[in-house]
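Novice: Take this structure first; my questions come after.
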Amino acid sequence: MATDEKIYSIFEPHTDLIKRGKVRTPVEFGHKVFLAESAEGLITQYEVLKGNPPDEVHVASSLQRHRQAFGRAPQLYGSDRGFFSEQNLASCKHAGVKVVCIPQRGGKRTGRREAYEKSVVFKNGQRFRAGIEGRISVLFRGRGMKRCLAEGRDRFELWVGAAVLANNLMRIAAMLMAGSSRRRKAA
């Protein structure tokens, strides 16, 4: 029987089996969520995924959604190695992304690729990418996304949307507060 045909929870039959390749938790149950974040810490895209699709299939569509929302390609595209493919690197360059920070997954790195991954630009991009890991932690612990108490997939998606909205409202409030304190200090 195929994985997508199995039921992993009698209470929540929409639950997916997620294999992320982690040693301590090789198998998890729930849903994979795709997130994209701006430099200001705002979540600009989110999607509750069906099943356990590989990460690399999301790059082209996320670039397209970014262009629709902002009218241009992102300046930087940073992700973990699960998003790596030569096609994704080409998609980013073709879309007009100035700095592409997707570490190579597996295989032998060319000298040029190894030098690029050791460059300051690439390392700064990876530091930015590490910020989304922190944002995920905030969503889990501080915004209630760790455990959804609502029943059904539609309500789960609403739960995630509410956590994203709460995050963005808190970030906007923090930016407004920082801006007003700077204005007070300047006066």
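In the structure tokens, chains take letters A, B, ... by order of appearance, with residues numbered from 1 within each chain and ligands from 1 in the order shown.
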Excluding Ile43 of chain A and its own-chain neighbours fewer than 6 positions away, which residues fall within 9 Å of it when counting only C-alpha atoms? Please give them as an MDAnalysis selection string.
Specialist: chainID A and resid 35:37 132 135 164:165 167:168
Novice: Among chain A, which residues does DSSP mark as helix (DSSP H, G or I) when it is run on the backbone? Keep the chain and numbering as in the structure and answer as a ChimeraX atom specification.
Specialist: /A:3-5,55-70,81-83,86-95,111-117,120-141,153-186
Novice: Would you compute the distance between atom CA of Phe70 of chain A and atom CA of Ser38 of chain A? Give it in Å to one decimal.
Specialist: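 Pair atom CA of Phe70 of chain A / atom CA of Ser38 of chain A returns 11.1 Å.
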